[in-house]
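The data block below is work-v1.cif; it holds mmCIF, C-alpha atoms (C1' of nucleotides).
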```
data_input
loop_
_atom_site.label_atom_id
_atom_site.label_comp_id
_atom_site.auth_asym_id
_atom_site.auth_seq_id
_atom_site.Cartn_x
_atom_site.Cartn_y
_atom_site.Cartn_z
CA MET A 1 6.81 139.46 -87.79
CA ASP A 2 8.37 141.77 -90.30
CA GLU A 3 7.03 145.13 -89.28
CA THR A 4 9.60 146.51 -86.89
CA ARG A 5 8.14 149.13 -84.65
CA TRP A 6 11.05 151.54 -84.36
CA LEU A 7 11.36 153.97 -81.51
CA ASP A 8 9.94 157.41 -82.11
CA ASP A 9 12.03 160.51 -81.41
CA ASP A 10 10.99 160.90 -77.80
CA GLU A 11 11.65 157.27 -77.11
CA GLN A 12 14.93 157.44 -78.95
CA ARG A 13 16.06 160.31 -76.79
CA ALA A 14 14.96 158.66 -73.58
CA TRP A 15 16.65 155.44 -74.58
CA ARG A 16 19.97 157.01 -75.52
CA ARG A 17 20.11 158.84 -72.25
CA THR A 18 19.15 155.74 -70.33
CA ALA A 19 21.85 153.78 -72.10
CA ALA A 20 24.40 156.44 -71.25
CA VAL A 21 23.36 156.40 -67.61
CA MET A 22 23.54 152.62 -67.55
CA THR A 23 27.16 152.75 -68.67
CA LEU A 24 28.36 155.79 -66.78
CA LEU A 25 26.60 155.40 -63.42
CA PRO A 26 27.85 151.94 -62.48
CA ALA A 27 31.31 152.91 -63.65
CA ALA A 28 31.29 156.01 -61.45
CA LEU A 29 30.02 154.14 -58.39
CA ASP A 30 32.50 151.34 -58.92
CA ALA A 31 35.30 153.87 -59.23
CA GLN A 32 34.46 155.45 -55.89
CA LEU A 33 34.20 152.13 -54.07
CA GLN A 34 37.34 150.80 -55.67
CA ARG A 35 39.30 153.88 -54.81
CA ASP A 36 38.09 154.28 -51.23
CA ALA A 37 37.50 150.70 -50.17
CA GLY A 38 38.92 148.32 -52.74
CA LEU A 39 35.47 146.89 -53.32
CA THR A 40 33.25 146.34 -56.32
CA GLN A 41 29.75 147.70 -56.22
CA PHE A 42 28.60 144.13 -56.27
CA SER A 43 30.82 142.92 -53.44
CA TYR A 44 29.84 145.94 -51.37
CA LEU A 45 26.18 145.16 -51.97
CA THR A 46 26.77 141.62 -50.87
CA LEU A 47 28.34 142.72 -47.60
CA ALA A 48 25.67 145.38 -47.07
CA MET A 49 22.78 142.98 -47.56
CA LEU A 50 24.30 140.56 -45.08
CA SER A 51 24.80 143.37 -42.60
CA GLU A 52 21.11 144.20 -42.73
CA THR A 53 20.03 140.64 -42.07
CA PRO A 54 19.30 139.64 -38.50
CA GLY A 55 22.05 137.24 -37.51
CA ARG A 56 24.17 138.51 -40.40
CA THR A 57 23.69 135.19 -42.17
CA LEU A 58 21.87 134.08 -45.30
CA PRO A 59 21.81 130.96 -47.43
CA MET A 60 23.66 131.49 -50.68
CA SER A 61 20.54 131.31 -52.82
CA ALA A 62 18.66 133.80 -50.67
CA LEU A 63 21.62 136.13 -50.81
CA ALA A 64 21.83 135.69 -54.56
CA ALA A 65 18.19 136.72 -54.88
CA THR A 66 18.62 139.85 -52.79
CA VAL A 67 21.58 141.02 -54.83
CA ASN A 68 20.03 140.03 -58.16
CA SER A 69 22.73 137.66 -59.23
CA SER A 70 23.28 134.14 -60.33
CA LEU A 71 24.46 131.64 -57.77
CA SER A 72 27.62 131.18 -59.75
CA ARG A 73 28.57 134.82 -59.66
CA LEU A 74 27.83 135.01 -55.96
CA SER A 75 29.86 131.91 -55.25
CA HIS A 76 32.94 133.40 -56.88
CA VAL A 77 32.51 136.72 -55.10
CA VAL A 78 31.92 135.17 -51.70
CA ALA A 79 35.03 133.09 -52.20
CA ARG A 80 37.01 136.32 -52.61
CA LEU A 81 35.29 137.97 -49.67
CA GLU A 82 36.03 134.92 -47.58
CA ALA A 83 39.67 135.12 -48.54
CA GLN A 84 39.69 138.69 -47.21
CA GLY A 85 38.13 137.55 -43.96
CA TRP A 86 34.91 139.53 -44.33
CA VAL A 87 32.59 136.58 -44.85
CA SER A 88 32.65 132.96 -43.78
CA ARG A 89 30.75 130.01 -45.16
CA GLU A 90 29.34 127.13 -43.17
CA PRO A 91 27.06 124.23 -44.06
CA SER A 92 23.57 124.84 -42.79
CA PRO A 93 22.50 122.67 -39.85
CA GLU A 94 19.02 122.52 -41.31
CA SER A 95 19.79 121.09 -44.69
CA GLY A 96 22.87 119.39 -45.95
CA ARG A 97 22.81 121.10 -49.27
CA VAL A 98 22.55 124.70 -48.27
CA THR A 99 25.55 126.82 -47.39
CA VAL A 100 25.03 129.90 -45.28
CA ALA A 101 27.22 132.95 -45.68
CA ARG A 102 27.98 134.85 -42.49
CA LEU A 103 29.30 138.38 -42.25
CA THR A 104 32.25 138.38 -39.87
CA ASP A 105 32.98 141.15 -37.38
CA ALA A 106 35.71 142.40 -39.68
CA GLY A 107 33.19 142.40 -42.51
CA LEU A 108 30.71 144.41 -40.49
CA GLU A 109 33.42 146.88 -39.66
CA LYS A 110 34.28 147.13 -43.34
CA VAL A 111 30.68 147.92 -44.23
CA ARG A 112 30.49 150.56 -41.50
CA GLN A 113 33.61 152.23 -42.83
CA THR A 114 32.51 152.08 -46.43
CA ALA A 115 28.83 152.97 -46.24
CA PRO A 116 29.05 156.73 -45.65
CA GLY A 117 31.28 157.40 -48.62
CA HIS A 118 29.15 155.27 -50.86
CA ALA A 119 25.93 156.89 -49.69
CA ALA A 120 27.45 160.29 -50.30
CA GLU A 121 28.37 159.32 -53.85
CA VAL A 122 24.89 157.99 -54.56
CA ARG A 123 23.45 161.21 -53.23
CA ARG A 124 25.84 163.34 -55.22
CA LEU A 125 25.29 161.55 -58.51
CA ILE A 126 21.58 160.95 -58.29
CA PHE A 127 19.60 162.70 -55.62
CA ASP A 128 21.35 166.04 -55.67
CA ALA A 129 20.16 166.28 -59.25
CA LEU A 130 16.53 165.53 -58.44
CA ASP A 131 13.78 167.29 -56.54
CA GLY A 132 11.01 165.41 -54.72
CA GLU A 133 9.05 164.99 -57.88
CA GLY A 134 12.11 163.65 -59.64
CA VAL A 135 12.62 161.05 -56.95
CA GLU A 136 9.04 159.91 -57.35
CA SER A 137 9.40 159.77 -61.13
CA LEU A 138 12.48 157.65 -60.76
CA ALA A 139 10.80 155.28 -58.33
CA CYS A 140 7.81 154.85 -60.63
CA VAL A 141 9.69 154.43 -63.86
CA THR A 142 12.12 151.93 -62.39
CA ALA A 143 9.24 150.03 -60.80
CA ALA A 144 7.56 149.74 -64.19
CA ILE A 145 10.72 148.54 -65.89
CA LEU A 146 11.46 146.09 -63.10
CA GLY A 147 8.04 144.63 -63.68
CA ARG A 148 9.20 143.75 -67.18
CA LEU A 149 12.61 142.52 -66.22
CA ASP A 150 11.37 140.27 -63.49
CA PRO A 151 7.80 139.27 -64.17
CA SER A 152 7.94 136.76 -61.36
CA GLY A 153 8.52 138.22 -57.94
CA LYS A 154 12.20 138.12 -57.21
CA LEU A 155 12.06 141.87 -56.83
CA ARG A 156 10.06 141.31 -53.68
CA ALA A 157 13.07 139.50 -52.35
CA ASN A 158 15.37 142.45 -52.40
CA PRO A 159 14.01 145.93 -52.69
CA LEU A 160 13.10 146.82 -49.16
CA ARG A 161 11.95 145.58 -45.84
CA ARG A 162 10.30 148.78 -44.76
CA GLY A 163 8.03 148.32 -47.73
CA GLY A 164 4.65 149.95 -47.88
CA PRO A 165 1.99 148.66 -50.26
CA ASP A 166 4.47 149.42 -53.00
CA GLN A 167 1.91 150.98 -55.28
CA GLU A 168 1.97 154.74 -55.34
CA CYS A 169 2.44 155.19 -59.05
CA ASP A 170 -0.09 156.02 -61.69
CA PRO A 171 -1.32 153.05 -63.66
CA PRO A 172 1.91 152.20 -65.44
CA ALA A 173 0.10 151.11 -68.55
CA THR A 174 1.11 147.58 -67.79
CA ALA A 175 -1.25 145.32 -69.64
CA MET B 1 32.89 165.70 -42.63
CA ASP B 2 31.26 163.43 -40.10
CA GLU B 3 27.57 164.00 -40.58
CA THR B 4 26.53 161.46 -43.15
CA ARG B 5 23.30 162.45 -44.84
CA TRP B 6 21.68 159.09 -45.28
CA LEU B 7 18.99 158.48 -47.85
CA ASP B 8 15.44 158.85 -46.63
CA ASP B 9 12.89 156.12 -47.27
CA ASP B 10 11.70 157.47 -50.61
CA GLU B 11 15.24 157.87 -51.83
CA GLN B 12 16.16 154.47 -50.51
CA ARG B 13 13.35 152.88 -52.44
CA ALA B 14 14.16 154.76 -55.63
CA TRP B 15 17.82 153.84 -55.27
CA ARG B 16 17.26 150.14 -54.71
CA ARG B 17 15.05 149.93 -57.73
CA THR B 18 17.49 151.89 -59.80
CA ALA B 19 20.30 149.62 -58.73
CA ALA B 20 18.24 146.58 -59.64
CA VAL B 21 17.48 148.01 -63.07
CA MET B 22 21.13 148.84 -63.58
CA THR B 23 22.06 145.20 -63.02
CA LEU B 24 19.16 143.48 -64.73
CA LEU B 25 18.59 145.66 -67.79
CA PRO B 26 22.07 145.48 -69.31
CA ALA B 27 22.15 141.77 -68.59
CA ALA B 28 18.84 141.25 -70.36
CA LEU B 29 19.84 143.29 -73.39
CA ASP B 30 23.21 141.59 -73.59
CA ALA B 31 21.53 138.22 -73.41
CA GLN B 32 19.27 138.99 -76.36
CA LEU B 33 22.12 140.32 -78.50
CA GLN B 34 24.40 137.48 -77.57
CA ARG B 35 21.80 134.88 -78.33
CA ASP B 36 20.57 136.35 -81.61
CA ALA B 37 23.68 137.98 -83.01
CA GLY B 38 26.72 136.96 -81.00
CA LEU B 39 27.32 140.57 -80.08
CA THR B 40 27.78 142.49 -76.88
CA GLN B 41 25.59 145.49 -76.28
CA PHE B 42 28.76 147.51 -76.48
CA SER B 43 30.01 146.03 -79.72
CA TYR B 44 26.56 146.43 -81.25
CA LEU B 45 26.53 150.07 -80.19
CA THR B 46 29.90 150.55 -81.78
CA LEU B 47 28.70 149.16 -85.09
CA ALA B 48 25.43 151.08 -84.87
CA MET B 49 27.11 154.41 -84.24
CA LEU B 50 29.40 153.89 -87.19
CA SER B 51 26.45 152.97 -89.36
CA GLU B 52 24.79 156.29 -88.55
CA THR B 53 27.83 158.32 -89.47
CA PRO B 54 28.07 159.71 -93.00
CA GLY B 55 30.86 157.80 -94.67
CA ARG B 56 30.61 155.12 -91.99
CA THR B 57 33.94 156.23 -90.60
CA LEU B 58 35.04 157.90 -87.37
CA PRO B 59 38.35 158.51 -85.66
CA MET B 60 38.81 156.20 -82.70
CA SER B 61 38.56 158.97 -80.13
CA ALA B 62 35.40 160.39 -81.64
CA LEU B 63 33.89 156.94 -81.68
CA ALA B 64 34.93 156.39 -78.09
CA ALA B 65 33.13 159.57 -77.10
CA THR B 66 29.91 158.61 -78.84
CA VAL B 67 29.82 155.20 -77.16
CA ASN B 68 30.92 156.56 -73.76
CA SER B 69 34.00 154.43 -73.43
CA SER B 70 37.68 154.66 -72.85
CA LEU B 71 39.95 154.51 -75.84
CA SER B 72 41.46 151.36 -74.48
CA ARG B 73 38.20 149.52 -74.29
CA LEU B 74 37.26 150.63 -77.76
CA SER B 75 40.59 149.58 -79.14
CA HIS B 76 40.16 146.03 -77.86
CA VAL B 77 36.61 145.81 -79.14
CA VAL B 78 37.43 147.20 -82.56
CA ALA B 79 40.23 144.68 -82.80
CA ARG B 80 37.69 141.90 -82.32
CA LEU B 81 35.24 143.49 -84.73
CA GLU B 82 38.01 143.83 -87.25
CA ALA B 83 38.84 140.16 -86.86
CA GLN B 84 35.23 139.37 -87.74
CA GLY B 85 35.44 141.56 -90.81
CA TRP B 86 32.84 144.10 -89.71
CA VAL B 87 35.17 147.02 -89.19
CA SER B 88 38.48 148.04 -90.67
CA ARG B 89 41.08 150.46 -89.40
CA GLU B 90 43.18 152.81 -91.45
CA PRO B 91 45.53 155.62 -90.57
CA SER B 92 43.94 158.98 -91.20
CA PRO B 93 45.31 160.89 -94.18
CA GLU B 94 44.85 164.11 -92.25
CA SER B 95 46.91 163.39 -89.21
CA GLY B 96 49.51 160.76 -88.61
CA ARG B 97 48.31 160.01 -85.13
CA VAL B 98 44.66 159.36 -85.69
CA THR B 99 43.22 156.06 -86.77
CA VAL B 100 39.82 155.95 -88.39
CA ALA B 101 37.48 153.03 -87.97
CA ARG B 102 35.37 152.15 -90.98
CA LEU B 103 32.26 150.01 -91.03
CA THR B 104 32.61 147.46 -93.82
CA ASP B 105 29.74 146.33 -96.03
CA ALA B 106 29.56 143.13 -94.04
CA GLY B 107 29.38 145.20 -90.88
CA LEU B 108 26.54 147.29 -92.23
CA GLU B 109 24.71 144.14 -93.17
CA LYS B 110 25.24 142.81 -89.65
CA VAL B 111 23.76 145.96 -88.14
CA ARG B 112 20.76 145.77 -90.47
CA GLN B 113 20.13 142.20 -89.43
CA THR B 114 20.56 142.86 -85.74
CA ALA B 115 18.79 146.18 -85.27
CA PRO B 116 15.15 145.06 -85.44
CA GLY B 117 15.51 142.40 -82.77
CA HIS B 118 17.38 144.73 -80.51
CA ALA B 119 14.87 147.54 -80.96
CA ALA B 120 12.08 145.10 -80.18
CA GLU B 121 13.77 144.06 -76.98
CA VAL B 122 14.31 147.66 -75.90
CA ARG B 123 10.67 148.35 -76.59
CA ARG B 124 9.53 145.27 -74.74
CA LEU B 125 11.62 145.88 -71.65
CA ILE B 126 11.25 149.62 -71.37
CA PHE B 127 8.68 151.35 -73.48
CA ASP B 128 5.91 148.81 -73.30
CA ALA B 129 5.95 149.44 -69.58
CA LEU B 130 5.66 153.23 -69.90
CA ASP B 131 2.99 155.61 -71.11
CA GLY B 132 3.84 158.96 -72.72
CA GLU B 133 4.25 160.61 -69.36
CA GLY B 134 6.56 157.82 -68.27
CA VAL B 135 8.76 158.33 -71.30
CA GLU B 136 9.03 162.00 -70.48
CA SER B 137 9.85 161.25 -66.85
CA LEU B 138 12.56 158.90 -67.95
CA ALA B 139 14.03 161.43 -70.35
CA CYS B 140 14.07 164.12 -67.68
CA VAL B 141 15.44 162.05 -64.86
CA THR B 142 18.20 160.56 -66.96
CA ALA B 143 19.07 164.00 -68.31
CA ALA B 144 19.45 165.29 -64.76
CA ILE B 145 21.64 162.38 -63.71
CA LEU B 146 23.73 162.64 -66.87
CA GLY B 147 24.38 166.23 -65.92
CA ARG B 148 26.05 164.93 -62.77
CA LEU B 149 27.91 162.12 -64.40
CA ASP B 150 29.33 164.21 -67.14
CA PRO B 151 29.52 167.84 -66.06
CA SER B 152 31.55 168.66 -69.13
CA GLY B 153 29.79 168.10 -72.39
CA LYS B 154 30.66 164.71 -73.71
CA LEU B 155 26.96 163.93 -73.64
CA ARG B 156 26.57 166.37 -76.50
CA ALA B 157 28.85 164.10 -78.46
CA ASN B 158 26.56 161.15 -78.45
CA PRO B 159 22.93 161.49 -77.47
CA LEU B 160 21.30 162.53 -80.68
CA ARG B 161 21.69 164.34 -83.89
CA ARG B 162 18.04 165.17 -84.35
CA GLY B 163 18.35 167.16 -81.13
CA GLY B 164 15.98 169.95 -80.30
CA PRO B 165 16.91 172.57 -77.72
CA ASP B 166 17.23 169.69 -75.33
CA GLN B 167 15.47 171.45 -72.50
CA GLU B 168 11.91 170.34 -71.99
CA CYS B 169 12.21 169.36 -68.36
CA ASP B 170 11.25 171.26 -65.28
CA PRO B 171 14.13 172.98 -63.54
CA PRO B 172 16.04 169.89 -62.42
CA ALA B 173 17.12 171.53 -59.20
CA THR B 174 20.64 171.60 -60.51
CA ALA B 175 22.51 174.22 -58.56
"C1'" DT C 1 66.67 173.07 -85.71
"C1'" DG C 2 66.38 170.57 -81.70
"C1'" DC C 3 64.01 169.44 -77.44
"C1'" DC C 4 60.24 168.27 -74.84
"C1'" DC C 5 55.40 167.99 -73.74
"C1'" DG C 6 50.84 166.30 -74.60
"C1'" DG C 7 47.43 163.85 -77.40
"C1'" DA C 8 46.09 159.40 -80.04
"C1'" DG C 9 46.21 154.84 -80.00
"C1'" DT C 10 47.82 150.09 -78.86
"C1'" DT C 11 49.17 146.30 -75.95
"C1'" DG C 12 49.65 142.97 -72.02
"C1'" DA C 13 48.46 141.53 -67.59
"C1'" DA C 14 45.12 141.09 -63.99
"C1'" DG C 15 40.47 140.99 -62.30
"C1'" DC C 16 35.74 140.05 -62.73
"C1'" DA C 17 31.51 137.95 -65.08
"C1'" DT C 18 29.40 134.26 -67.52
"C1'" DC C 19 28.72 129.79 -69.19
"C1'" DA C 20 28.96 124.92 -69.02
"C1'" DA C 21 29.88 121.06 -66.36
"C1'" DG C 22 30.27 118.75 -62.25
"C1'" DT C 23 29.32 117.21 -57.20
"C1'" DA C 24 26.50 116.30 -53.48
"C1'" DA C 25 22.32 116.08 -50.90
"C1'" DT C 26 17.27 115.77 -50.99
"C1'" DG C 27 12.92 114.79 -52.40
"C1'" DT C 28 9.69 111.45 -55.45
"C1'" DG C 29 7.75 107.68 -58.11
"C1'" DG C 30 7.70 102.76 -58.49
"C1'" DC D 1 13.97 101.28 -50.56
"C1'" DC D 2 16.13 102.10 -54.78
"C1'" DA D 3 16.55 104.69 -59.00
"C1'" DC D 4 16.04 109.20 -60.76
"C1'" DA D 5 15.17 113.81 -61.17
"C1'" DT D 6 15.89 118.22 -58.62
"C1'" DT D 7 17.86 121.60 -55.85
"C1'" DA D 8 21.91 124.03 -54.00
"C1'" DC D 9 26.16 125.04 -54.78
"C1'" DT D 10 31.08 124.92 -56.69
"C1'" DT D 11 34.60 124.88 -60.14
"C1'" DG D 12 37.25 125.83 -64.43
"C1'" DA D 13 37.59 127.87 -68.80
"C1'" DT D 14 36.68 131.67 -71.67
"C1'" DG D 15 35.91 136.35 -72.78
"C1'" DC D 16 35.39 141.17 -71.75
"C1'" DT D 17 36.93 145.28 -69.04
"C1'" DT D 18 40.30 147.94 -66.72
"C1'" DC D 19 44.68 149.62 -65.56
"C1'" DA D 20 49.23 150.78 -66.37
"C1'" DA D 21 52.80 151.04 -69.37
"C1'" DC D 22 54.46 152.04 -73.92
"C1'" DT D 23 54.89 153.95 -78.83
"C1'" DC D 24 54.37 157.39 -82.05
"C1'" DC D 25 53.20 161.77 -84.01
"C1'" DG D 26 52.60 166.73 -83.86
"C1'" DG D 27 53.06 171.38 -81.67
"C1'" DG D 28 55.29 174.86 -78.88
"C1'" DC D 29 59.32 177.35 -77.80
"C1'" DA D 30 64.07 178.69 -77.30
#
```
For the structure just supplied, provide its representation as structure tokens.
Amino acid sequence: MDETRWLDDDEQRAWRRTAAVMTLLPAALDAQLQRDAGLTQFSYLTLAMLSETPGRTLPMSALAATVNSSLSRLSHVVARLEAQGWVSREPSPESGRVTVARLTDAGLEKVRQTAPGHAAEVRRLIFDALDGEGVESLACVTAAILGRLDPSGKLRANPLRRGGPDQECDPPATA
Amino acid sequence: MDETRWLDDDEQRAWRRTAAVMTLLPAALDAQLQRDAGLTQFSYLTLAMLSETPGRTLPMSALAATVNSSLSRLSHVVARLEAQGWVSREPSPESGRVTVARLTDAGLEKVRQTAPGHAAEVRRLIFDALDGEGVESLACVTAAILGRLDPSGKLRANPLRRGGPDQECDPPATA
DNA sequence: TGCCCGGAGTTGAAGCATCAAGTAATGTGG
DNA sequence: CCACATTACTTGATGCTTCAACTCCGGGCA
């Protein structure tokens, strides 16, 4: 366990750039949402995921899975969103220990107002810089990394409903 | 200004995965560093960048640029690192308004102890999932996005010293 | 020389994330 | 049917990040 396999130059370069993107991109997206809507990227995501759910309701744990967060983090955030009147919480009729979060009408309106600006920023920062091939590269590379980050299948919970067979990438060398 | 150009399905998928990676990857790396070294990814980066600088010293603003942070953030972090004895601050002899941060011997030792585990985690989470082509994709895509995030040239400040001509990607459709 | 502007850095307060407990309801073995 | 572990969720404390002042030094320029 003593032989460290360091990154070679290509990997080093890819990693440094990735690290820079990981710091700068969330900061930029947060800045836009904060400025235009007073929301965090995470709280926006929370509202958006609820808005896409039929009935606009989800149990806290299901919601936590779709936004890739701990229950604790979600609980704090939903408390704030509830204070703003965008979400409400009610005990589930089906089980005494689950709480369902519901997007209120005001919350839905908030999402509708916020979505276009956010989508534009995502497009500007990411997709305007990529051609079709770039988009595919991005999808494949992130899929491969996600496979490492979440070996179980929580990723199935969130990524997309309109999901095809989800495998259009070259063999990602995943053992 | 009314026609929102929404993301198409391919973009949507790429974006959701990217967003998931942006949340999960930093969390995973932070967890490893926290567990094994009691460091944040950011504070580790700070130490590491100093350790790669001849003389192990850098003015605060230069350091801030190489770690992609605000001066304020860096100032707080360096204060903590100084309290741990890994960094020291001294006024620059050359100009009365710059402060230089110096990596102490203890700090260098800390980096040496921490680096292998961190490199292993980066390899495990990213590069073990990618083949050579994947690494190139990642380098290209992140380069394109960085171009959007930082249209000026701060990226030149950090990414790498061993830098080649830096252009091995297909025309990234950057207007 | 004196004034003022801008760059370098620090600080304090406020917000958000994370961690460790804690509560409450539901299954599960005896 | 009663204890006990488990699941679902909440809460409070702590620490890191951000934002908005604020200080201090150096450079123009009149």
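CA of Asp36 (chain B) sits 24.5 Å away from C1' of DC16 (chain C).
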Identify all residues satisfying the PyMOL selection byres ((chain B and resi 123) around 12) in the given file; provide them as JSON, numbers by chain. {"A": [4, 5, 6, 7, 8, 11, 12, 14, 15, 145, 148], "B": [29, 116, 117, 118, 119, 120, 121, 122, 124, 125, 126, 127, 128, 129, 130, 131, 135]}
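Residue nearest DA17 (chain C), chosen from D:DG28, D:DC16, D:DC9, D:DC2 and counting all atoms listed in the file: D:DC16.
Taking CA of Asp150 (chain B) as the reference point, CA of Ala62 (chain B) is found at 16.2 Å.
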Chain A residues within 9 Å of chain D, counting all atoms listed in the file: which ones, as number ranges by chain? A: 60-61, 71-72, 75-76, 97-99
Could you please take those selected residues and save C-alpha atoms as a JSON list (two decimals), keeping the file's coordinate frame?
```
[["chain", "number", "residue", "atom", "x", "y", "z"],
["A", 60, "MET", "CA", 23.66, 131.49, -50.68],
["A", 61, "SER", "CA", 20.54, 131.31, -52.82],
["A", 71, "LEU", "CA", 24.46, 131.64, -57.77],
["A", 72, "SER", "CA", 27.62, 131.18, -59.75],
["A", 75, "SER", "CA", 29.86, 131.91, -55.25],
["A", 76, "HIS", "CA", 32.94, 133.40, -56.88],
["A", 97, "ARG", "CA", 22.81, 121.10, -49.27],
["A", 98, "VAL", "CA", 22.55, 124.70, -48.27],
["A", 99, "THR", "CA", 25.55, 126.82, -47.39]]
```
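Take CA of Ala144 (chain B) and CA of Ala27 (chain A): the distance between them is 17.2 Å.
With distances restricted to all atoms listed in the file, B:Val67 is the closest residue to chain A from B:Val67, B:Val100, B:Leu50, B:Ala79.
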Could you list the residues in chain C lying within 8 Å of chain B, using only C-alpha atoms (C1' of nucleotides), and format the result as a ChimeraX atom specification? /C:8-10
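With only C-alpha atoms as the basis for measurement, B:Thr66 is the residue among B:Gln84, B:Ser43, B:Thr66, B:Ser92 that approaches chain A most closely.
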Explicit residue set for the PyMOL selection byres ((chain B and resi 109) around 12), as number ranges by chain: B: 37, 47-48, 51, 85-87, 103-108, 110-115
Kindly compute an axis-aligned box around the listed atoms of region 98-112 of chain A, allowing 3 Å on each side, and express its centre and edge lengths in Å to one decimal as AutoDock Vina command-line options.
```
--center_x 29.1 --center_y 137.6 --center_z -42.8 --size_x 19.2 --size_y 31.9 --size_z 16.9
```
Could you add the missing atoms to region 116-130 of chain A, up to N, CA and C atoms, and return them as a PDB file, keeping the file's coordinate frame?
```pdb
ATOM      1  N   PRO A 116      29.272 155.286 -45.511  1.00  0.00           N
ATOM      2  CA  PRO A 116      29.050 156.730 -45.650  1.00  0.00           C
ATOM      3  C   PRO A 116      29.555 157.296 -46.968  1.00  0.00           C
ATOM      4  N   GLY A 117      30.743 156.890 -47.365  1.00  0.00           N
ATOM      5  CA  GLY A 117      31.280 157.400 -48.620  1.00  0.00           C
ATOM      6  C   GLY A 117      30.442 156.978 -49.807  1.00  0.00           C
ATOM      7  N   HIS A 118      29.972 155.758 -49.749  1.00  0.00           N
ATOM      8  CA  HIS A 118      29.150 155.270 -50.860  1.00  0.00           C
ATOM      9  C   HIS A 118      27.816 156.015 -50.908  1.00  0.00           C
ATOM     10  N   ALA A 119      27.197 156.163 -49.740  1.00  0.00           N
ATOM     11  CA  ALA A 119      25.930 156.890 -49.690  1.00  0.00           C
ATOM     12  C   ALA A 119      26.100 158.311 -50.208  1.00  0.00           C
ATOM     13  N   ALA A 120      27.204 158.922 -49.856  1.00  0.00           N
ATOM     14  CA  ALA A 120      27.450 160.290 -50.300  1.00  0.00           C
ATOM     15  C   ALA A 120      27.553 160.350 -51.824  1.00  0.00           C
ATOM     16  N   GLU A 121      28.204 159.338 -52.396  1.00  0.00           N
ATOM     17  CA  GLU A 121      28.370 159.320 -53.850  1.00  0.00           C
ATOM     18  C   GLU A 121      27.024 159.107 -54.551  1.00  0.00           C
ATOM     19  N   VAL A 122      26.227 158.215 -53.994  1.00  0.00           N
ATOM     20  CA  VAL A 122      24.890 157.990 -54.560  1.00  0.00           C
ATOM     21  C   VAL A 122      24.089 159.285 -54.494  1.00  0.00           C
ATOM     22  N   ARG A 123      24.172 159.949 -53.372  1.00  0.00           N
ATOM     23  CA  ARG A 123      23.450 161.210 -53.230  1.00  0.00           C
ATOM     24  C   ARG A 123      23.953 162.238 -54.232  1.00  0.00           C
ATOM     25  N   ARG A 124      25.257 162.326 -54.334  1.00  0.00           N
ATOM     26  CA  ARG A 124      25.840 163.340 -55.220  1.00  0.00           C
ATOM     27  C   ARG A 124      25.438 163.096 -56.674  1.00  0.00           C
ATOM     28  N   LEU A 125      25.504 161.836 -57.101  1.00  0.00           N
ATOM     29  CA  LEU A 125      25.290 161.550 -58.510  1.00  0.00           C
ATOM     30  C   LEU A 125      23.817 161.476 -58.893  1.00  0.00           C
ATOM     31  N   ILE A 126      22.980 161.116 -57.942  1.00  0.00           N
ATOM     32  CA  ILE A 126      21.580 160.950 -58.290  1.00  0.00           C
ATOM     33  C   ILE A 126      20.687 161.973 -57.610  1.00  0.00           C
ATOM     34  N   PHE A 127      20.658 161.969 -56.309  1.00  0.00           N
ATOM     35  CA  PHE A 127      19.600 162.700 -55.620  1.00  0.00           C
ATOM     36  C   PHE A 127      19.845 164.199 -55.538  1.00  0.00           C
ATOM     37  N   ASP A 128      21.098 164.607 -55.606  1.00  0.00           N
ATOM     38  CA  ASP A 128      21.350 166.040 -55.670  1.00  0.00           C
ATOM     39  C   ASP A 128      20.824 166.632 -56.967  1.00  0.00           C
ATOM     40  N   ALA A 129      20.626 165.790 -57.959  1.00  0.00           N
ATOM     41  CA  ALA A 129      20.160 166.280 -59.250  1.00  0.00           C
ATOM     42  C   ALA A 129      18.632 166.269 -59.350  1.00  0.00           C
ATOM     43  N   LEU A 130      17.973 165.699 -58.347  1.00  0.00           N
ATOM     44  CA  LEU A 130      16.530 165.530 -58.440  1.00  0.00           C
ATOM     45  C   LEU A 130      15.791 166.229 -57.296  1.00  0.00           C
TER      46      LEU A 130
END
```
